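Enquirer: Please find one structure pasted underneath; my questions will follow.
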Amino acid sequence: MPFPVKFKGEKVVPVEEGQTVLQASLAAGIPHYHACGGKGQCTTCRILVLEGQELLTPPTTSERAIKNVKKFPDNVRLACQSYVRGEGVEVQRLIRDETDRYIFINGKEDNMTRVMGERRKLALFFIDIRNFTPFIEAHLPFDVIHIMRRVFALMRNAISQYEGKIIDTAGDGLYAVFGLNDGIKKAAESAVLAGLKILEDIKIFNNTYLRPYFNHSFEVGIGVHVGKVIVGNVGIGLSDNLTVMGYPVNVAARLQAATKELNNSFVISERAYRLLKNPPYSAGCAYLTLKGVSNPYEVKLIGKPYAFSQAASPPSVT
């Protein structure tokens, strides 16, 4: 009795006893790549198992060896090595044209999980330098770049110390994530500790270097939020170009921007604040209206007021 296997976006294929998923898909007219002829060597027949992973035969010895080398997630199988033992299997071909083949076979990314993408709970961290534009306008290009390098090194060291990863930089700000190798509670703690260290290090940098030599000082705005996001590598040619996407990222960016109107250097969502084992002192809470969210968003203020208020009329804080 054949077992039906659903190929997402294509068709339902009957798989006979003793027939591999690859053999069945080819018999059904699906143009399934199999460069090595179905011998478990080329990996071009790889499939993503969406449902019924337990209904497939266990990986063969050769398949396990390939999966270890290629770092395949458990739900990626070779169709030429997989037999079906029951009803309820749904799969998706990963290589469907020559572009797919280049990305998955010829690309240099070693981590298949990053190529395919995955959902993760992470702490999202945005930071921006305040009053940087006046510094740019008043100083030589060499000085501007030199100081930027000093400040970014300071931020990078703090983020690395607490096992965060910088995802992107834009102008005088950057975006980082925490929790790629930890649980969400540890991630939230690390993001907060990194932020507090940056605030302290910026203060020291101002007092010992920037103010004595340039008669200037910087302040920063930090926003932290937690949530489930998509993590992957979009492969645009940059080294380890990890991308993190999702609505929680937008929320974290909005919290960083809100540091101006709330006149506080560190704003964290109440959701992230609840995860902290030893939460820092909060100067109060506030409620923000975010685009697409009907209810006001509660945040905690765990930084300091700016030396020069950056909001025309800050909202009330409780």
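Chain labels A, B, ... are given in the sequence in which chains occur in the structure tokens; within each chain residues are numbered consecutively from 1, and ligands are likewise numbered from 1 in the order shown.
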Where does region 85-201 of chain A meet region 249-261 of chain A within 10 Å, residue by residue, with the nearest atom pair and distance in Å to one decimal for each, counting only C-alpha atoms, listed by chain and rising number, as a Markdown table?

Expert:
```
| residue | atom | partner | partner_atom | distance |
| --- | --- | --- | --- | --- |
| A:Leu122 | CA | A:Val249 | CA | 9.6 |
| A:Ala123 | CA | A:Ala252 | CA | 9.0 |
| A:Leu124 | CA | A:Ala252 | CA | 6.0 |
| A:Phe125 | CA | A:Ala252 | CA | 6.5 |
| A:Phe126 | CA | A:Ala253 | CA | 5.9 |
| A:Ile127 | CA | A:Gln256 | CA | 6.4 |
| A:Asp128 | CA | A:Gln256 | CA | 7.4 |
| A:Arg130 | CA | A:Lys260 | CA | 9.0 |
| A:Tyr175 | CA | A:Ala253 | CA | 8.4 |
| A:Val177 | CA | A:Val249 | CA | 9.5 |
```

Enquirer: Those residues you just picked out, can you put them in a file as an mmCIF file, in the first residue's frame with N, CA, C and O atoms?

Expert:
```cif
data_model
loop_
_atom_site.group_PDB
_atom_site.id
_atom_site.type_symbol
_atom_site.label_atom_id
_atom_site.label_comp_id
_atom_site.auth_asym_id
_atom_site.auth_seq_id
_atom_site.Cartn_x
_atom_site.Cartn_y
_atom_site.Cartn_z
ATOM 1 N N LEU A 122 15.238 36.031 20.716
ATOM 2 C CA LEU A 122 16.465 36.782 20.956
ATOM 3 C C LEU A 122 16.154 38.088 21.670
ATOM 4 O O LEU A 122 15.012 38.562 21.680
ATOM 5 N N ALA A 123 17.210 38.663 22.242
ATOM 6 C CA ALA A 123 17.129 40.028 22.759
ATOM 7 C C ALA A 123 17.679 40.947 21.681
ATOM 8 O O ALA A 123 18.774 40.717 21.155
ATOM 9 N N LEU A 124 16.912 41.985 21.331
ATOM 10 C CA LEU A 124 17.277 42.920 20.264
ATOM 11 C C LEU A 124 17.751 44.213 20.893
ATOM 12 O O LEU A 124 17.087 44.765 21.772
ATOM 13 N N PHE A 125 18.880 44.710 20.409
ATOM 14 C CA PHE A 125 19.585 45.824 21.050
ATOM 15 C C PHE A 125 19.920 46.887 20.006
ATOM 16 O O PHE A 125 20.648 46.614 19.046
ATOM 17 N N PHE A 126 19.377 48.094 20.186
ATOM 18 C CA PHE A 126 19.685 49.205 19.287
ATOM 19 C C PHE A 126 20.332 50.323 20.103
ATOM 20 O O PHE A 126 19.902 50.625 21.217
ATOM 21 N N ILE A 127 21.366 50.934 19.513
ATOM 22 C CA ILE A 127 22.031 52.054 20.178
ATOM 23 C C ILE A 127 22.371 53.118 19.151
ATOM 24 O O ILE A 127 22.725 52.800 18.010
ATOM 25 N N ASP A 128 22.244 54.366 19.553
ATOM 26 C CA ASP A 128 22.516 55.485 18.656
ATOM 27 C C ASP A 128 23.256 56.558 19.450
ATOM 28 O O ASP A 128 22.963 56.783 20.632
ATOM 29 N N ARG A 130 23.999 60.255 20.427
ATOM 30 C CA ARG A 130 23.321 61.553 20.414
ATOM 31 C C ARG A 130 24.353 62.672 20.191
ATOM 32 O O ARG A 130 25.534 62.484 20.431
ATOM 33 N N TYR A 175 23.120 47.946 15.603
ATOM 34 C CA TYR A 175 22.071 47.017 15.990
ATOM 35 C C TYR A 175 22.725 45.678 16.307
ATOM 36 O O TYR A 175 23.531 45.180 15.523
ATOM 37 N N VAL A 177 22.303 41.653 18.544
ATOM 38 C CA VAL A 177 21.394 40.676 19.146
ATOM 39 C C VAL A 177 22.139 39.888 20.203
ATOM 40 O O VAL A 177 23.362 39.717 20.144
#
```

Enquirer: What lies within 9 Å of region 184-187 of chain A using only C-alpha atoms, ignoring chain neighbours under 6 positions off, as a list in words?

Expert: Lys121, Leu122, Ala123, Tyr162, Glu163, Gly164, Val177, Phe178, Val226, Gly227, Ala272, Leu275, Leu276 and Lys277 of chain A

Enquirer: Name the residues of region 64-93 of chain A that fall into strand (DSSP E or B) according to DSSP on the backbone, using the chain letters and numbers of this document, as a list in words.

Expert: Val76, Arg77, Leu78, Tyr83, Val84, Val89, Glu90, Val91, Gln92 and Arg93 of chain A

Enquirer: Within region 31-180 of chain A, find each residue whose DSSP state, derived from the backbone, is helix (DSSP H, G or I), and express the selection as an NGL selection string.

Expert: :A and (53-55 or 61-70 or 79-81 or 98-106 or 112-116 or 133-138 or 141-161)

Enquirer: If we count only C-alpha atoms and set the cut-off at 8 Å, which residues sit around Leu154 (chain A), ignoring sequence neighbours fewer than 5 positions away in its own chain? Please answer as a list in words.

Expert: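 Selected residues are Ile198, Asp201 and Ile202 of chain A.
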
Enquirer: Need the shell around Gln19 (chain A): protein/DNA/RNA residues with any atom at most 12 Å away, counting only C-alpha atoms. Skip same-chain ones fewer than 6 positions apart. Format as a ChimeraX atom specification?

Expert: /A:1-3,13,25-27,38,56-57,79-85

Enquirer: Record the distance separating CA of Pro305 (chain A) and CA of Asn157 (chain A), expressed in Å with one decimal.

Expert: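 Here the two named atoms are 24.4 Å from each other.
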
Enquirer: Counting only C-alpha atoms, what is within 10 Å of Arg46 (chain A), bar same-chain residues fewer than 5 positions away, as an MDAnalysis selection string?

Expert: chainID A and resid 22 32:34 40 72 76:81 91:95 104

Enquirer: For the residues in the current selection, export C-alpha atoms as a PDB file, in the first residue's frame.

Expert:
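Dumped to out.pdb:
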```
ATOM      1  CA  LEU A  22      13.364  10.600  -4.699  1.00  0.00           C
ATOM      2  CA  HIS A  32      13.821  16.528  -8.556  1.00  0.00           C
ATOM      3  CA  TYR A  33      17.544  17.287  -8.742  1.00  0.00           C
ATOM      4  CA  HIS A  34      19.767  14.225  -8.228  1.00  0.00           C
ATOM      5  CA  GLY A  40      23.615   9.834  -1.495  1.00  0.00           C
ATOM      6  CA  PHE A  72      22.232  19.903   8.143  1.00  0.00           C
ATOM      7  CA  VAL A  76      16.742  18.172   6.318  1.00  0.00           C
ATOM      8  CA  ARG A  77      16.961  14.770   4.650  1.00  0.00           C
ATOM      9  CA  LEU A  78      18.276  13.325   1.414  1.00  0.00           C
ATOM     10  CA  ALA A  79      15.320  12.127  -0.652  1.00  0.00           C
ATOM     11  CA  CYS A  80      17.418   9.350  -2.179  1.00  0.00           C
ATOM     12  CA  GLN A  81      18.090   7.891   1.277  1.00  0.00           C
ATOM     13  CA  VAL A  91       8.199  17.817   2.457  1.00  0.00           C
ATOM     14  CA  GLN A  92       9.604  20.665   0.409  1.00  0.00           C
ATOM     15  CA  ARG A  93      12.352  20.436  -2.166  1.00  0.00           C
ATOM     16  CA  LEU A  94      15.183  22.803  -1.301  1.00  0.00           C
ATOM     17  CA  ILE A  95      16.769  22.890  -4.760  1.00  0.00           C
ATOM     18  CA  PHE A 104      22.902  25.505  -1.512  1.00  0.00           C
TER      19      PHE A 104
END
```

Enquirer: Just the number, please: distance in Å from CA of Ala283 (chain A) to CA of Ile302 (chain A), one decimal.

Expert: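 Spanning CA of Ala283 (chain A) to CA of Ile302 (chain A) is a straight-line distance of 6.0 Å.
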
Enquirer: What separation in Å, quoted to one decimal, exists between CA of Val244 (chain A) and CA of Gly232 (chain A)?

Expert: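 So the two atoms, CA of Val244 (chain A) and CA of Gly232 (chain A), lie 6.7 Å apart.
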
Enquirer: Could you give me, as a list in words, the residues within 12 Å of region 204-211 of chain A, counting only C-alpha atoms and dropping anything in the same chain fewer than 2 positions from it?

Expert: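 Answer for this query is Phe135, Asp143, Val144, His146, Ile147, Met148, Arg150, Val151, Phe152, Ala153, Leu154, Met155, Lys197, Ile198, Leu199, Glu200, Asp201, Ile202, Tyr213, Phe214, Asn215, His216, Ser217, Phe218, Glu219 and Val220 of chain A.
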
Enquirer: Which residues, written as a count of residues only, have at least one atom at most 12 Å from Lys291 (chain A), with only C-alpha atoms counted and residues fewer than 2 positions away on the same chain left out?

Expert: 11
